[in-house]
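Each remark here refers to the structure printed beneath this line.
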Amino acid sequence: MNLTLKVWRQKNNQEYGRLETYKIGDISPDMSFLEMLDVLNEDLTRKSIEPIAFDHDCREGVCGMCSLYINGRAHGPKFGTTTCQLHMRSFKDGDTIVIEPWRARAFPVLRDLVVDRGAFDRIMQKGGFVSVDTGSAPDANIIPIPKPVAEKAMDAAACIGCGACVAACKNASAMLFVSAKVSQLALLPQGQVERQTRVEKMVAQMDKEGFGNCSNTGACSAECPKEISVENIARMNREYFSARLTGTEI
Amino acid sequence: MILDSKIPAGPISEKWSKHKFNLKLVNPANKRKFEVIVVGSGLAGASAAASLAELGYKVKCYCFQDSPRRAHSIAAQGGINAAKNYPNDGDSVYRLFYDTIKGGDYRAREANVHRLAEVSVNIIDQCVAQGVPFAREYGGHLDNRSFGGAQVSRTFYSRGMTGQQLLLGAYSALSRQIGLGNVQMFTRTEMLDVVMVDGQARGIITRNLVTGAIEKHAAHAVCLATGGYGNVFYLSTNARGSNVTAAWRAHKKGALFANPCFTQIHPTCIPVSGDHQSKLTLMSESLRNDGRVWVPKAKGDSRRPEDIPEDERDYYLERIYPSFGNLVPRDVASRNAKQMCDDGRGVGASGLAVYLDFSDAIKRLGESVVKQKYGNLFDMYQQITGENPYKTPMRMYPAVHYTMGGLWVDYNLMTTVPGLYALGESNFSDHGANRLGASALMQGLADGYFVIPFTIGDYLASANLKPVKTDHPAFAEAENNVRDRINKLLSIKGKLTVKEIHQKLGKIMWDYCGMARSEEGLKHAKALIQELKSQFWNDVNVLGGGEELNQSLEHAGRLADFLELGELMVDDALHRNESCGGHFRTEYQTEENEAKRDDENFCYVAAWEYTGDNAPENLHKEPLVFENVKLSQRSYK
């Protein structure tokens with residue numbers, strides 16, 4: 001099939017960007033979206049135009065490296081799918097496709113479609129862990145965990161940290177991402193000791209990074225490639241209030 | 001050079017404990033005076049960086065991705081082995097050790113593998129304490145499953161995302177140490193050289209992938225945890241960024257490279273759909289528990305699978321291996337699939353696929369049970385191929401998945417360069433000629449959590465390391481070499497794209513150094529690679545500059561190293577006149593077409609020494625001594 005692509009090009013963080021239009025032909029419906037961009041980049045290189053920079057790595061939907069805002073949707077038109085798992089059979093011959101980077105103040109554009117998601121790491125560094133040094137763990141079966149609890153923790157832990165939730169949110173809020181980790185560890189017995197300080201510290205860092213507030217539109221969860229539930233946001237709010245009311249000051 | 005593996009004396013079950021006692025310790029107050037570089041943030045790198053920082057060392061950790069959480073360990077699906085024996089089904093440290101040695105076709109070191117089996121139990125404890133949500137039974141205890149044809153259930157798992165959960169566990173431990181200021185993390189940073197001072201590894205040269213800045217970093221020791229080199233085949237199940245550069249640069253600075261030709265081809269991957277294909281997706285081995293593998297009996301049968309009657313189908317694994325059937329090890333399953341396709345009985349548009357059929361399982365168990373067990377894999381298959389595996393059989397073909405070869409290391413995980421360590425898939429040590437399912441995660445975490453924290457202290461305490469800063473001339477020299485190479489790549493301005501050349505290399509490797517190798521083919525491949533290498537250095541086109549985010553430049557640098565590695569893999573495969581595990585030389589097979597080992601002449605680790613550009617590498621041999629396990633022909637009939 002033949003397509004018209006409007007792609008965000010931006011040299012670096014300092015310069016202004018703009019949408020460039022490229023025509024591309026002979027695209028197979030079996031190609032993934034990123035393979036289509038590979039083909040375009042080969043074309044551009046042969047014409048001595050610098051190829052488009054975009055983030056990608058595992059190309060099997062789990063590393064969270066790929067992003068892209070495609071026709072106004074994070075990770076494109078399909079639900080529960082990362083861009084690398086989106087295939088061209090989801091588009092039609094003659095389509096015009098607009099491709100932009102994630103848009104959020106906390107995710108500055110580095111080049112073309114590549115953004116800096118370091119803010120997510122810094123939030124994790126404030127409390128997204130259980131403080132247990134290597135070697136100090138007791139036998140793994142010493143604390144039984146009810147299967148439904150373990151399953152719920154796993155649902156939250158499936159987050160791949162891609163940032164689609166932030167990109168989809170009109171406020172660029174990171175609540176779904178942060179709440180997924182807060183929930184996982186609040187649900188499990190291992191996370192109880194640091195339960196209150198964790199949520200307070202992670203939320204404080206989230207605010208500091210410049211993410212917006214949650215106004216409960218649920219766009220984050222709708223666009224999440226791993227379908228993380230907004231229930232986690234409700235749980236995080238509860239954890240946060242409880243920590244503020246009863247916790248020790250940090 | 002004499003390769004000293006430093007394997008401690010004594011009975012196998014006491015070697016590691018005795019060795020730990022004999023290792024020198026660094027006084028707690030002195031640990032903060034030592035800086036350690038860890039390159040890579042996958043299971044091995046993240047667990048090492050976190051554990052070393054917890055001990056008090058000053059750690060600097062590097063990854064080329066935008067976050068340490070993205071390393072390719074994350075994509076492992078199936079599970080992690082541990083000799084916990086929770087199911088009470090007869091597992092033990094010794095049995096895990098034995099299975100791993102046998103599975104590796106007797107080309108791994110006994111002492112290393114036994115240690116791996118010993119610490120496997122601690123890994124599970126550690127991960128659970130971190131909050132890794134492993135699958136559980138209704139009583140709340142950990143669930144185990146059997147995997148990869150093991151006769152006991154020793155595999156712990158988190159749905160089909162075990163690698164992700166274990167990596168996020170290690171990432172959380174690493175994040176904690178970064179937050180505490182004990183680890184300095186460098187993301188989007190690629191290591192381009194090792195810096196040697198007085199014969200010891202004392203630092204690295206990196207390129208900041210955002211700004212292009214070339215940077216110098218000094219330390220007392222350097223640990224490489226940079227993964228495998230499967231992308232030498234262009235198409236593999238590896239992440240697109242996975243590369244050999246760090247290991248290869250270390251090799252060129254004196255670290256021997258061991259068994260480079262030992263690569264694992266995974267039997268169940270989604271077949272290639274066209275020239276645009278950029279990577280291959282693995283479908284978990286667990287599918288073979290219920291799926292039946294078949295091809296049509298007639299050559300070139302192009303009917304739809306549903307239209308081929310039962311008696312015109314060849315369930316070839318069940319036919320050839322009646323006792324293991326569809327559950328034979330990976331190397332055996334892959335080779336047989338290739339044979340069927342070479343015979344002209346492959347299926348699908350390309351003829352390079354076999355069927356994996358679930359219709360019997362659906363009849364026996366019902367669609368809902370099959371969905372419960374394999375739902376996420378079926379969804380993934382449908383997403384990629386557009387076909388519904390509940391209605392029509394999956395099409396599968398083998399793909400490069402893991403590299404057992406890597407930097408040669410001794411029992412302490414140190415390479416032949418003092419102060420330079422290799423962990424996880426980047427070393428060669430534990431899987432011999434074939435890796436068993438659910439063992440890669442185990443090895444990565446064993447090295448990082450439970451081996452390197454002990455062994456590195458011995459070196460730091462005894463090596464008498466002088467203070468070295470980045471103003472040492474050795475850093476300037478290494479930096480200049482890195483800059484020259486980048487400038488060279490940017491100045492060629494030829495006609496071929498990096499991707500084109502990489503695809504050609506991949507095809508050569510796959511055709512001649514893949515599932516079946518022959519002397520004639522390998523010799524031909526060597527000539528082809530040399531020609532391609534010269535094309536690359538004369539006619540590649542890398543656009544853009546060095547001082548900016550430039551993904552073509554990154555790819556070009558990695559490809560340059562793959563071209564050199566490819567040639568060494570061919571040399572290694574050519575010299576090993578036997579078949580073992582994943583290395584199958586067509587000249588060396590039994591009458592029943594199985595791999596025929598030559599224990600008399602090839603029971604050794606082949607470790608190659610770099611001697612200069614375009615010069616043949618020197619072969620060093622580390623004999624493998626089996627004191628506990630009796631060598632025998634693997635049989636899965």
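All residue names refer to the structure tokens as shown: chains lettered A, B, ... in order, residues numbered from 1 in each chain, ligands numbered from 1 in order.
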
Using only C-alpha atoms, which residues of chain B come within 6 Å of chain A, and what is the closest atom pair for each, with the distance in Å to one decimal? Give it as JSON lines, sorted by chain and residue number.
```
{"residue": "B:Ser51", "atom": "CA", "partner": "A:Thr134", "partner_atom": "CA", "distance": 5.9}
{"residue": "B:Arg70", "atom": "CA", "partner": "A:Cys63", "partner_atom": "CA", "distance": 4.9}
{"residue": "B:Asp125", "atom": "CA", "partner": "A:Ala140", "partner_atom": "CA", "distance": 4.3}
{"residue": "B:Gln126", "atom": "CA", "partner": "A:Ala137", "partner_atom": "CA", "distance": 5.3}
{"residue": "B:Val128", "atom": "CA", "partner": "A:Ala140", "partner_atom": "CA", "distance": 5.8}
{"residue": "B:Ala129", "atom": "CA", "partner": "A:Ala137", "partner_atom": "CA", "distance": 5.8}
{"residue": "B:Gln130", "atom": "CA", "partner": "A:Val130", "partner_atom": "CA", "distance": 5.3}
{"residue": "B:Gly131", "atom": "CA", "partner": "A:Gln190", "partner_atom": "CA", "distance": 5.9}
{"residue": "B:Pro133", "atom": "CA", "partner": "A:Met154", "partner_atom": "CA", "distance": 5.5}
{"residue": "B:Arg136", "atom": "CA", "partner": "A:Lys147", "partner_atom": "CA", "distance": 5.6}
{"residue": "B:Tyr138", "atom": "CA", "partner": "A:Lys147", "partner_atom": "CA", "distance": 5.4}
{"residue": "B:Gly140", "atom": "CA", "partner": "A:Pro144", "partner_atom": "CA", "distance": 4.3}
{"residue": "B:His141", "atom": "CA", "partner": "A:Pro144", "partner_atom": "CA", "distance": 5.1}
{"residue": "B:Ser172", "atom": "CA", "partner": "A:Phe129", "partner_atom": "CA", "distance": 4.9}
{"residue": "B:Ser175", "atom": "CA", "partner": "A:Gln125", "partner_atom": "CA", "distance": 4.6}
{"residue": "B:Arg176", "atom": "CA", "partner": "A:Gln125", "partner_atom": "CA", "distance": 5.3}
{"residue": "B:Gly179", "atom": "CA", "partner": "A:Gln125", "partner_atom": "CA", "distance": 4.8}
{"residue": "B:Ala239", "atom": "CA", "partner": "A:Cys58", "partner_atom": "CA", "distance": 3.9}
{"residue": "B:Arg240", "atom": "CA", "partner": "A:Asp57", "partner_atom": "CA", "distance": 5.0}
{"residue": "B:Gly241", "atom": "CA", "partner": "A:Asp57", "partner_atom": "CA", "distance": 5.7}
{"residue": "B:Leu543", "atom": "CA", "partner": "A:Glu50", "partner_atom": "CA", "distance": 5.9}
```

Checklist line | Nearby residues (only C-alpha atoms) at most 7 Å from B:Val210, same-chain spacing under 6 positions excluded, as JSON, numbers by chain | finding: {"B": [188, 548, 549]}

Same residues, N, CA and C atoms, saved as a CSV table (one decimal), in the first residue's frame:
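That gives us selection.csv:
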```csv
chain,number,residue,atom,x,y,z
B,188,ARG,N,21.6,6.0,28.1
B,188,ARG,CA,21.9,6.4,26.8
B,188,ARG,C,23.4,6.6,26.6
B,548,GLU,N,25.9,14.4,17.9
B,548,GLU,CA,24.5,14.5,18.0
B,548,GLU,C,23.9,13.1,18.2
B,549,LEU,N,22.6,13.1,18.5
B,549,LEU,CA,21.9,11.8,18.5
B,549,LEU,C,21.9,11.2,17.1
```

Check: Among stretch 319-411 of chain B, which ones does DSSP place in strand (DSSP E), written as a PyMOL selection string?
Finding: chain B and resi 354-357+394-403+406-407

Take the residues that were just selected and, keeping N, CA and C atoms, output them as a PDB file, in the first residue's frame.
```
ATOM      1  N   VAL B 354       7.067 -24.913  10.046  1.00  0.00           N
ATOM      2  CA  VAL B 354       6.363 -26.168  10.332  1.00  0.00           C
ATOM      3  C   VAL B 354       5.129 -25.800  11.154  1.00  0.00           C
ATOM      4  N   TYR B 355       4.171 -26.700  11.204  1.00  0.00           N
ATOM      5  CA  TYR B 355       2.965 -26.410  11.983  1.00  0.00           C
ATOM      6  C   TYR B 355       3.143 -26.798  13.443  1.00  0.00           C
ATOM      7  N   LEU B 356       2.566 -25.974  14.310  1.00  0.00           N
ATOM      8  CA  LEU B 356       2.433 -26.323  15.722  1.00  0.00           C
ATOM      9  C   LEU B 356       0.930 -26.278  15.972  1.00  0.00           C
ATOM     10  N   ASP B 357       0.362 -27.461  16.169  1.00  0.00           N
ATOM     11  CA  ASP B 357      -1.085 -27.614  16.066  1.00  0.00           C
ATOM     12  C   ASP B 357      -1.711 -27.855  17.450  1.00  0.00           C
ATOM     13  N   MET B 394      -0.464 -22.890  14.304  1.00  0.00           N
ATOM     14  CA  MET B 394       0.570 -21.862  14.231  1.00  0.00           C
ATOM     15  C   MET B 394       1.632 -22.316  13.246  1.00  0.00           C
ATOM     16  N   ARG B 395       2.278 -21.357  12.599  1.00  0.00           N
ATOM     17  CA  ARG B 395       3.450 -21.676  11.795  1.00  0.00           C
ATOM     18  C   ARG B 395       4.683 -21.248  12.585  1.00  0.00           C
ATOM     19  N   MET B 396       5.664 -22.145  12.660  1.00  0.00           N
ATOM     20  CA  MET B 396       6.842 -21.882  13.485  1.00  0.00           C
ATOM     21  C   MET B 396       8.108 -22.161  12.702  1.00  0.00           C
ATOM     22  N   TYR B 397       9.147 -21.419  13.000  1.00  0.00           N
ATOM     23  CA  TYR B 397      10.455 -21.742  12.441  1.00  0.00           C
ATOM     24  C   TYR B 397      11.520 -21.365  13.467  1.00  0.00           C
ATOM     25  N   PRO B 398      12.643 -22.075  13.472  1.00  0.00           N
ATOM     26  CA  PRO B 398      13.687 -21.754  14.453  1.00  0.00           C
ATOM     27  C   PRO B 398      14.305 -20.375  14.215  1.00  0.00           C
ATOM     28  N   ALA B 399      14.783 -19.778  15.290  1.00  0.00           N
ATOM     29  CA  ALA B 399      15.470 -18.483  15.183  1.00  0.00           C
ATOM     30  C   ALA B 399      16.570 -18.401  16.230  1.00  0.00           C
ATOM     31  N   VAL B 400      17.590 -17.608  15.906  1.00  0.00           N
ATOM     32  CA  VAL B 400      18.705 -17.415  16.834  1.00  0.00           C
ATOM     33  C   VAL B 400      18.189 -16.773  18.113  1.00  0.00           C
ATOM     34  N   HIS B 401      18.600 -17.321  19.257  1.00  0.00           N
ATOM     35  CA  HIS B 401      17.978 -16.884  20.497  1.00  0.00           C
ATOM     36  C   HIS B 401      18.975 -16.522  21.591  1.00  0.00           C
ATOM     37  N   TYR B 402      20.074 -17.258  21.668  1.00  0.00           N
ATOM     38  CA  TYR B 402      20.978 -17.079  22.801  1.00  0.00           C
ATOM     39  C   TYR B 402      22.372 -17.492  22.352  1.00  0.00           C
ATOM     40  N   THR B 403      23.376 -16.851  22.938  1.00  0.00           N
ATOM     41  CA  THR B 403      24.730 -17.245  22.571  1.00  0.00           C
ATOM     42  C   THR B 403      25.433 -17.793  23.812  1.00  0.00           C
ATOM     43  N   GLY B 406      31.175 -16.568  24.625  1.00  0.00           N
ATOM     44  CA  GLY B 406      31.344 -15.221  25.186  1.00  0.00           C
ATOM     45  C   GLY B 406      32.748 -15.062  25.719  1.00  0.00           C
ATOM     46  N   LEU B 407      32.967 -14.016  26.472  1.00  0.00           N
ATOM     47  CA  LEU B 407      34.313 -13.791  26.995  1.00  0.00           C
ATOM     48  C   LEU B 407      34.702 -14.921  27.934  1.00  0.00           C
TER      49      LEU B 407
END
```

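The space separating atom CA of B:Tyr411 from atom CA of B:Ala170 comes to 23.3 Å.
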
Note to self: With distances taken over only C-alpha atoms, which residue among B:Ala353, B:Leu256, B:Leu423, B:Ile529 lies nearest B:Ala46?
What the structure shows: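 With only C-alpha atoms as the atom set, the closest residue is B:Leu423.
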
Check: What is the distance between atom CA of B:Lys102 and atom CA of B:Gly90, in Å to one decimal?
Finding: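 Atom-to-atom, atom CA of B:Lys102 and atom CA of B:Gly90 are spaced 17.6 Å apart.
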
Name the residues in contact with B:Asp598 at a cut-off of 8 Å, using only C-alpha atoms, excluding same-chain residues fewer than 6 positions from it; report them as a compact mmCIF listing (two decimals) with C-alpha atoms, in the first residue's frame.
```
# COMPACT_ATOMS: atom_id res chain seq x y z
CA ASN B 577 35.58 -31.07 14.08
CA GLU B 578 32.72 -32.56 16.05
CA SER B 579 29.06 -31.87 16.61
```

Check: If you run DSSP on the backbone, which residues of stretch 426-492 of chain B are helix (DSSP H, G or I), as a PyMOL selection string?
Finding: chain B and resi 426+440-462+473-491

Next item on the list: Tell me which protein, DNA and RNA residues are within 7 Å of B:Thr226, counting only C-alpha atoms, leaving out same-chain ones fewer than 6 positions away, and put them as a PyMOL selection string.
Entry: chain B and resi 39-40+246+426

Item checked: d(atom CA of B:Asn289, atom CA of B:Glu367) in Å ->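 Computing the Euclidean distance for atom CA of B:Asn289 and atom CA of B:Glu367 yields 15.5 Å.
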
Check: Could you name the residues that touch A:Lys226 at 6 Å or less, counting only C-alpha atoms, but leaving out those on the same chain fewer than 2 positions away, as a ChimeraX atom specification?
Finding: /A:80,224,228

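Considering only C-alpha atoms, the residue among A:Tyr69, A:Ile233, A:Gly163, A:Ala204 positioned nearest to A:Met175 is A:Ile233.
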